[in-house]
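Chemist: Dropping in upload-v4.pdb, with PDB, C-alpha atoms.
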```pdb
ATOM      1  CA  GLU F1173     -14.593  -4.496   4.568  1.00  0.00           C
ATOM      2  CA  TYR F1174     -15.240  -4.806   0.828  1.00  0.00           C
ATOM      3  CA  ALA F1175     -16.638  -1.285   0.686  1.00  0.00           C
ATOM      4  CA  ALA F1176     -13.561   0.072   2.467  1.00  0.00           C
ATOM      5  CA  HIS F1177     -11.290  -1.685  -0.035  1.00  0.00           C
ATOM      6  CA  ALA F1178     -13.359  -0.322  -2.928  1.00  0.00           C
ATOM      7  CA  TRP F1179     -13.101   3.241  -1.596  1.00  0.00           C
ATOM      8  CA  TYR F1180      -9.354   2.762  -1.097  1.00  0.00           C
ATOM      9  CA  ALA F1181      -8.923   1.563  -4.697  1.00  0.00           C
ATOM     10  CA  LEU F1182     -11.000   4.481  -5.965  1.00  0.00           C
ATOM     11  CA  GLY F1183      -8.804   6.860  -3.973  1.00  0.00           C
ATOM     12  CA  ALA F1184      -5.651   5.355  -5.472  1.00  0.00           C
ATOM     13  CA  CYS F1185      -7.097   5.697  -8.985  1.00  0.00           C
ATOM     14  CA  ARG F1186      -8.028   9.322  -8.335  1.00  0.00           C
ATOM     15  CA  LEU F1187      -4.559   9.954  -6.949  1.00  0.00           C
ATOM     16  CA  ARG F1188      -2.995   8.589 -10.140  1.00  0.00           C
ATOM     17  CA  ASP F1189      -5.297  10.908 -12.110  1.00  0.00           C
ATOM     18  CA  ASP F1190      -3.961  13.880 -10.092  1.00  0.00           C
ATOM     19  CA  ASP F1191      -7.353  14.392  -8.450  1.00  0.00           C
ATOM     20  CA  ALA F1192      -6.112  15.041  -4.910  1.00  0.00           C
ATOM     21  CA  PRO F1193      -9.483  16.266  -3.527  1.00  0.00           C
ATOM     22  CA  GLY F1194     -11.268  13.220  -4.961  1.00  0.00           C
ATOM     23  CA  ALA F1195      -8.545  10.911  -3.642  1.00  0.00           C
ATOM     24  CA  ARG F1196      -8.756  12.451  -0.180  1.00  0.00           C
ATOM     25  CA  GLU F1197     -12.532  12.002  -0.133  1.00  0.00           C
ATOM     26  CA  ALA F1198     -12.284   8.348  -1.178  1.00  0.00           C
ATOM     27  CA  PHE F1199      -9.535   7.550   1.341  1.00  0.00           C
ATOM     28  CA  GLU F1200     -11.545   9.239   4.097  1.00  0.00           C
ATOM     29  CA  HIS F1201     -14.582   7.105   3.172  1.00  0.00           C
ATOM     30  CA  ALA F1202     -12.416   3.983   3.408  1.00  0.00           C
ATOM     31  CA  ILE F1203     -11.115   5.018   6.822  1.00  0.00           C
ATOM     32  CA  ALA F1204     -14.632   5.832   8.040  1.00  0.00           C
ATOM     33  CA  LEU F1205     -15.622   2.256   7.178  1.00  0.00           C
ATOM     34  CA  ALA F1206     -12.407   0.644   8.450  1.00  0.00           C
ATOM     35  CA  PRO F1207     -10.579   3.045  10.798  1.00  0.00           C
ATOM     36  CA  ARG F1208      -7.344   1.036  10.769  1.00  0.00           C
ATOM     37  CA  HIS F1209      -7.197   0.524   7.000  1.00  0.00           C
ATOM     38  CA  ALA F1210      -3.437   0.938   6.657  1.00  0.00           C
ATOM     39  CA  MET F1211      -3.308   1.438   2.891  1.00  0.00           C
ATOM     40  CA  ALA F1212      -6.101   4.049   2.922  1.00  0.00           C
ATOM     41  CA  ARG F1213      -4.103   5.874   5.581  1.00  0.00           C
ATOM     42  CA  ALA F1214      -1.047   5.632   3.335  1.00  0.00           C
ATOM     43  CA  GLY F1215      -3.072   7.161   0.497  1.00  0.00           C
ATOM     44  CA  LEU F1216      -4.201   9.957   2.771  1.00  0.00           C
ATOM     45  CA  ALA F1217      -0.579  10.527   3.787  1.00  0.00           C
ATOM     46  CA  ILE F1218       0.407  10.832   0.135  1.00  0.00           C
ATOM     47  CA  VAL F1219      -2.357  13.367  -0.526  1.00  0.00           C
ATOM     48  CA  ALA F1220      -1.465  15.333   2.603  1.00  0.00           C
ATOM     49  CA  SER F1221       2.312  15.090   2.056  1.00  0.00           C
ATOM     50  CA  ALA F1222       2.543  13.818   5.625  1.00  0.00           C
ATOM     51  CA  PRO F1223       4.249  10.388   5.708  1.00  0.00           C
ATOM     52  CA  GLU F1224       3.405   9.772   9.353  1.00  0.00           C
ATOM     53  CA  LEU F1225      -0.304   9.531   8.553  1.00  0.00           C
ATOM     54  CA  GLY F1226       0.327   6.287   6.713  1.00  0.00           C
ATOM     55  CA  VAL F1227       0.961   4.344   9.883  1.00  0.00           C
ATOM     56  CA  ARG F1228      -0.411   6.472  12.704  1.00  0.00           C
ATOM     57  CA  ASP F1229      -3.296   4.748  14.484  1.00  0.00           C
ATOM     58  CA  VAL F1230      -2.407   1.450  12.810  1.00  0.00           C
ATOM     59  CA  PRO F1231      -0.946  -1.221  15.094  1.00  0.00           C
ATOM     60  CA  PRO F1232       2.499  -2.501  14.091  1.00  0.00           C
ATOM     61  CA  SER F1233       1.889  -5.233  11.560  1.00  0.00           C
ATOM     62  CA  PHE F1234       2.684  -6.401   8.066  1.00  0.00           C
ATOM     63  CA  ASP F1235      -0.031  -4.039   6.799  1.00  0.00           C
ATOM     64  CA  ALA F1236       1.549  -1.091   8.602  1.00  0.00           C
ATOM     65  CA  THR F1237       4.912  -1.960   7.028  1.00  0.00           C
ATOM     66  CA  LEU F1238       3.249  -2.162   3.624  1.00  0.00           C
ATOM     67  CA  ALA F1239       1.548   1.208   4.159  1.00  0.00           C
ATOM     68  CA  ALA F1240       4.778   2.934   5.127  1.00  0.00           C
ATOM     69  CA  ALA F1241       6.483   1.418   2.090  1.00  0.00           C
ATOM     70  CA  ALA F1242       3.614   2.470  -0.183  1.00  0.00           C
ATOM     71  CA  VAL F1243       4.063   6.121   0.760  1.00  0.00           C
ATOM     72  CA  ARG F1244       7.747   6.011  -0.170  1.00  0.00           C
ATOM     73  CA  VAL F1245       7.260   3.937  -3.307  1.00  0.00           C
ATOM     74  CA  PHE F1246       4.431   6.125  -4.608  1.00  0.00           C
ATOM     75  CA  ARG F1247       6.451   9.283  -4.104  1.00  0.00           C
ATOM     76  CA  GLY F1248       9.512   7.747  -5.720  1.00  0.00           C
ATOM     77  CA  ASP F1249      11.608   8.754  -2.716  1.00  0.00           C
ATOM     78  CA  ASP F1250      15.262   7.845  -2.719  1.00  0.00           C
ATOM     79  CA  GLY F1251      14.342   5.286  -0.088  1.00  0.00           C
ATOM     80  CA  ALA F1252      11.853   3.430  -2.303  1.00  0.00           C
ATOM     81  CA  ASP F1253      14.248   0.535  -2.903  1.00  0.00           C
ATOM     82  CA  ALA F1254      14.901   0.308   0.836  1.00  0.00           C
ATOM     83  CA  ALA F1255      11.132   0.328   1.415  1.00  0.00           C
ATOM     84  CA  ILE F1256      10.721  -2.554  -1.035  1.00  0.00           C
ATOM     85  CA  ASP F1257      13.484  -4.435   0.788  1.00  0.00           C
ATOM     86  CA  LEU F1258      11.631  -3.807   4.062  1.00  0.00           C
ATOM     87  CA  VAL F1259       8.485  -5.345   2.545  1.00  0.00           C
ATOM     88  CA  ALA F1260      10.519  -8.300   1.287  1.00  0.00           C
ATOM     89  CA  ASP F1261      11.987  -8.888   4.743  1.00  0.00           C
ATOM     90  CA  ALA F1262       8.586  -8.569   6.441  1.00  0.00           C
ATOM     91  CA  LEU F1263       7.072 -10.997   3.956  1.00  0.00           C
ATOM     92  CA  ALA F1264       9.900 -13.480   4.462  1.00  0.00           C
ATOM     93  CA  ALA F1265       9.351 -13.311   8.234  1.00  0.00           C
ATOM     94  CA  ALA F1266       5.561 -13.701   7.953  1.00  0.00           C
ATOM     95  CA  PRO F1267       4.014 -17.112   8.457  1.00  0.00           C
ATOM     96  CA  GLU F1268       3.103 -19.109   5.366  1.00  0.00           C
ATOM     97  CA  GLY F1269      -0.351 -18.310   4.072  1.00  0.00           C
ATOM     98  CA  SER F1270      -2.056 -15.420   2.369  1.00  0.00           C
ATOM     99  CA  THR F1271       0.084 -12.594   3.773  1.00  0.00           C
ATOM    100  CA  GLY F1272       0.981 -10.175   1.012  1.00  0.00           C
ATOM    101  CA  TRP F1273      -1.097 -11.742  -1.740  1.00  0.00           C
ATOM    102  CA  MET F1274      -2.450  -8.308  -2.745  1.00  0.00           C
ATOM    103  CA  ILE F1275       0.996  -6.761  -3.286  1.00  0.00           C
ATOM    104  CA  PRO F1276       1.168  -7.412  -7.062  1.00  0.00           C
ATOM    105  CA  ILE F1277      -2.174  -5.681  -7.674  1.00  0.00           C
ATOM    106  CA  ASP F1278      -2.162  -2.997  -4.981  1.00  0.00           C
ATOM    107  CA  PRO F1279      -2.828   0.326  -6.714  1.00  0.00           C
ATOM    108  CA  LEU F1280      -0.493   2.447  -4.576  1.00  0.00           C
ATOM    109  CA  LEU F1281       2.431   0.062  -4.834  1.00  0.00           C
ATOM    110  CA  ASN F1282       1.959  -0.227  -8.617  1.00  0.00           C
ATOM    111  CA  VAL F1283       4.292  -3.226  -8.857  1.00  0.00           C
ATOM    112  CA  ALA F1284       3.582  -3.570 -12.584  1.00  0.00           C
ATOM    113  CA  ARG F1285       5.361  -0.259 -13.200  1.00  0.00           C
ATOM    114  CA  SER F1286       8.689  -1.729 -12.110  1.00  0.00           C
ATOM    115  CA  PRO F1287       8.476  -5.478 -11.454  1.00  0.00           C
ATOM    116  CA  GLU F1288      12.267  -5.823 -11.530  1.00  0.00           C
ATOM    117  CA  ARG F1289      12.479  -3.717  -8.358  1.00  0.00           C
ATOM    118  CA  TRP F1290       9.942  -6.049  -6.720  1.00  0.00           C
ATOM    119  CA  ARG F1291      11.630  -9.283  -7.891  1.00  0.00           C
ATOM    120  CA  ARG F1292      12.473 -10.518  -4.392  1.00  0.00           C
ATOM    121  CA  VAL F1293       8.917  -9.927  -3.116  1.00  0.00           C
ATOM    122  CA  LEU F1294       7.333 -11.472  -6.201  1.00  0.00           C
ATOM    123  CA  GLY F1295       9.607 -14.493  -5.911  1.00  0.00           C
ATOM    124  CA  THR F1296       8.540 -15.082  -2.314  1.00  0.00           C
ATOM    125  CA  LEU F1297       4.874 -14.761  -3.251  1.00  0.00           C
ATOM    126  CA  ARG F1298       5.335 -17.136  -6.181  1.00  0.00           C
ATOM    127  CA  SER F1299       7.026 -19.762  -4.006  1.00  0.00           C
ATOM    128  CA  ARG F1300       4.166 -19.573  -1.493  1.00  0.00           C
ATOM    129  CA  ALA F1301       1.571 -20.053  -4.206  1.00  0.00           C
ATOM    130  CA  LEU F1302       3.055 -23.328  -5.440  1.00  0.00           C
TER     131      LEU F1302
END
```
As structure tokens, what does this structure read like?
Modeler:
Amino acid sequence: EYAAHAWYALGACRLRDDDAPGAREAFEHAIALAPRHAMARAGLAIVASAPELGVRDVPPSFDATLAAAAVRVFRGDDGADAAIDLVADALAAAPEGSTGWMIPIDPLLNVARSPERWRRVLGTLRSRAL
């Protein structure tokens, strides 16, 4: 699991560096280790310009919602704000606990780039941490 997350993070870093072949390779390694790794599939979808790859073969879940949102947010689609709202709603509906704790540091979501857009999500996470 840790190796899959490391490969996913490496893929996201390579994607930000405009190294699409390197990103694809890293995301594929992550998926080989964890076939249902939703965020690695989202990264692969971004590289392939095929949004459906982000959630295909991933059971409906909070992670699948996050992956679909990540594709839109990374691309800066017009629907990015709606995708963030979808994450906020999914987080609000999730049981108390650790759900979503990675959102602020996830490399594809890149919350630090525009924390004001993520205010609702960050507020929910903050209230759960107290």
Chemist: Care to translate the PyMOL selection byres ((chain F and resi 1281) around 9) into actual residues of this file, as a PyMOL selection string?
Modeler: chain F and resi 1238+1241-1243+1245-1246+1275-1280+1282-1285
Chemist: I need the residue set behind the PyMOL selection byres ((chain F and resi 1263) around 8) for this file; please write it as a ChimeraX atom specification.
Modeler: /F:1234,1259-1262,1264-1266,1271-1272,1293,1296
Chemist: Using Å and a single decimal, report how far CA of Ala1176 (chain F) sits from CA of Leu1205 (chain F).
Modeler: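 Straight-line distance from CA of Leu1205 (chain F) to CA of Ala1176 (chain F) works out to 5.6 Å.
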Chemist: May I ask for the distance between CA of Ala1212 (chain F) and CA of Ser1270 (chain F), given in Å to one decimal place?
Modeler: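 These two atoms are separated by 19.9 Å.
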Chemist: Mind pulling up the distance from CA of Asp1250 (chain F) to CA of Leu1297 (chain F)?
Modeler: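 Between CA of Leu1297 (chain F) and CA of Asp1250 (chain F) the gap works out to 24.9 Å.
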Chemist: With the PyMOL selection byres ((chain F and resi 1181) around 12) as the selection, what would be picked from this file? Answer as a VMD selection string, please.
Modeler: chain F and resid 1174 to 1180 1182 to 1188 1194 to 1202 1209 1211 to 1212 1214 to 1215 1274 1277 to 1282
Chemist: Could you write out the selected residues, including C-alpha atoms, as an mmCIF file, keeping the file's coordinate frame?
Modeler:
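What follows is the written file selection17.cif:
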```
data_model
loop_
_atom_site.group_PDB
_atom_site.id
_atom_site.type_symbol
_atom_site.label_atom_id
_atom_site.label_comp_id
_atom_site.auth_asym_id
_atom_site.auth_seq_id
_atom_site.Cartn_x
_atom_site.Cartn_y
_atom_site.Cartn_z
ATOM 1 C CA TYR F 1174 -15.240 -4.806 0.828
ATOM 2 C CA ALA F 1175 -16.638 -1.285 0.686
ATOM 3 C CA ALA F 1176 -13.561 0.072 2.467
ATOM 4 C CA HIS F 1177 -11.290 -1.685 -0.035
ATOM 5 C CA ALA F 1178 -13.359 -0.322 -2.928
ATOM 6 C CA TRP F 1179 -13.101 3.241 -1.596
ATOM 7 C CA TYR F 1180 -9.354 2.762 -1.097
ATOM 8 C CA LEU F 1182 -11.000 4.481 -5.965
ATOM 9 C CA GLY F 1183 -8.804 6.860 -3.973
ATOM 10 C CA ALA F 1184 -5.651 5.355 -5.472
ATOM 11 C CA CYS F 1185 -7.097 5.697 -8.985
ATOM 12 C CA ARG F 1186 -8.028 9.322 -8.335
ATOM 13 C CA LEU F 1187 -4.559 9.954 -6.949
ATOM 14 C CA ARG F 1188 -2.995 8.589 -10.140
ATOM 15 C CA GLY F 1194 -11.268 13.220 -4.961
ATOM 16 C CA ALA F 1195 -8.545 10.911 -3.642
ATOM 17 C CA ARG F 1196 -8.756 12.451 -0.180
ATOM 18 C CA GLU F 1197 -12.532 12.002 -0.133
ATOM 19 C CA ALA F 1198 -12.284 8.348 -1.178
ATOM 20 C CA PHE F 1199 -9.535 7.550 1.341
ATOM 21 C CA GLU F 1200 -11.545 9.239 4.097
ATOM 22 C CA HIS F 1201 -14.582 7.105 3.172
ATOM 23 C CA ALA F 1202 -12.416 3.983 3.408
ATOM 24 C CA HIS F 1209 -7.197 0.524 7.000
ATOM 25 C CA MET F 1211 -3.308 1.438 2.891
ATOM 26 C CA ALA F 1212 -6.101 4.049 2.922
ATOM 27 C CA ALA F 1214 -1.047 5.632 3.335
ATOM 28 C CA GLY F 1215 -3.072 7.161 0.497
ATOM 29 C CA MET F 1274 -2.450 -8.308 -2.745
ATOM 30 C CA ILE F 1277 -2.174 -5.681 -7.674
ATOM 31 C CA ASP F 1278 -2.162 -2.997 -4.981
ATOM 32 C CA PRO F 1279 -2.828 0.326 -6.714
ATOM 33 C CA LEU F 1280 -0.493 2.447 -4.576
ATOM 34 C CA LEU F 1281 2.431 0.062 -4.834
ATOM 35 C CA ASN F 1282 1.959 -0.227 -8.617
#
```
Chemist: Go through F:Val1219, F:Ala1192, F:Ala1301, F:Ala1206 one by one, measure the shortest atom-to-atom distance of each to Glu1173 (chain F) using all atoms listed in the file, and give the residue with the smallest value.
Modeler: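 Closest to Glu1173 (chain F) of all the choices is F:Ala1206.
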Chemist: Rank nothing, just name the residue among F:Ala1210, F:Ile1203, F:Leu1294, F:Ala1240 nearest to Leu1258 (chain F), using all atoms listed in the file.
Modeler: F:Ala1240
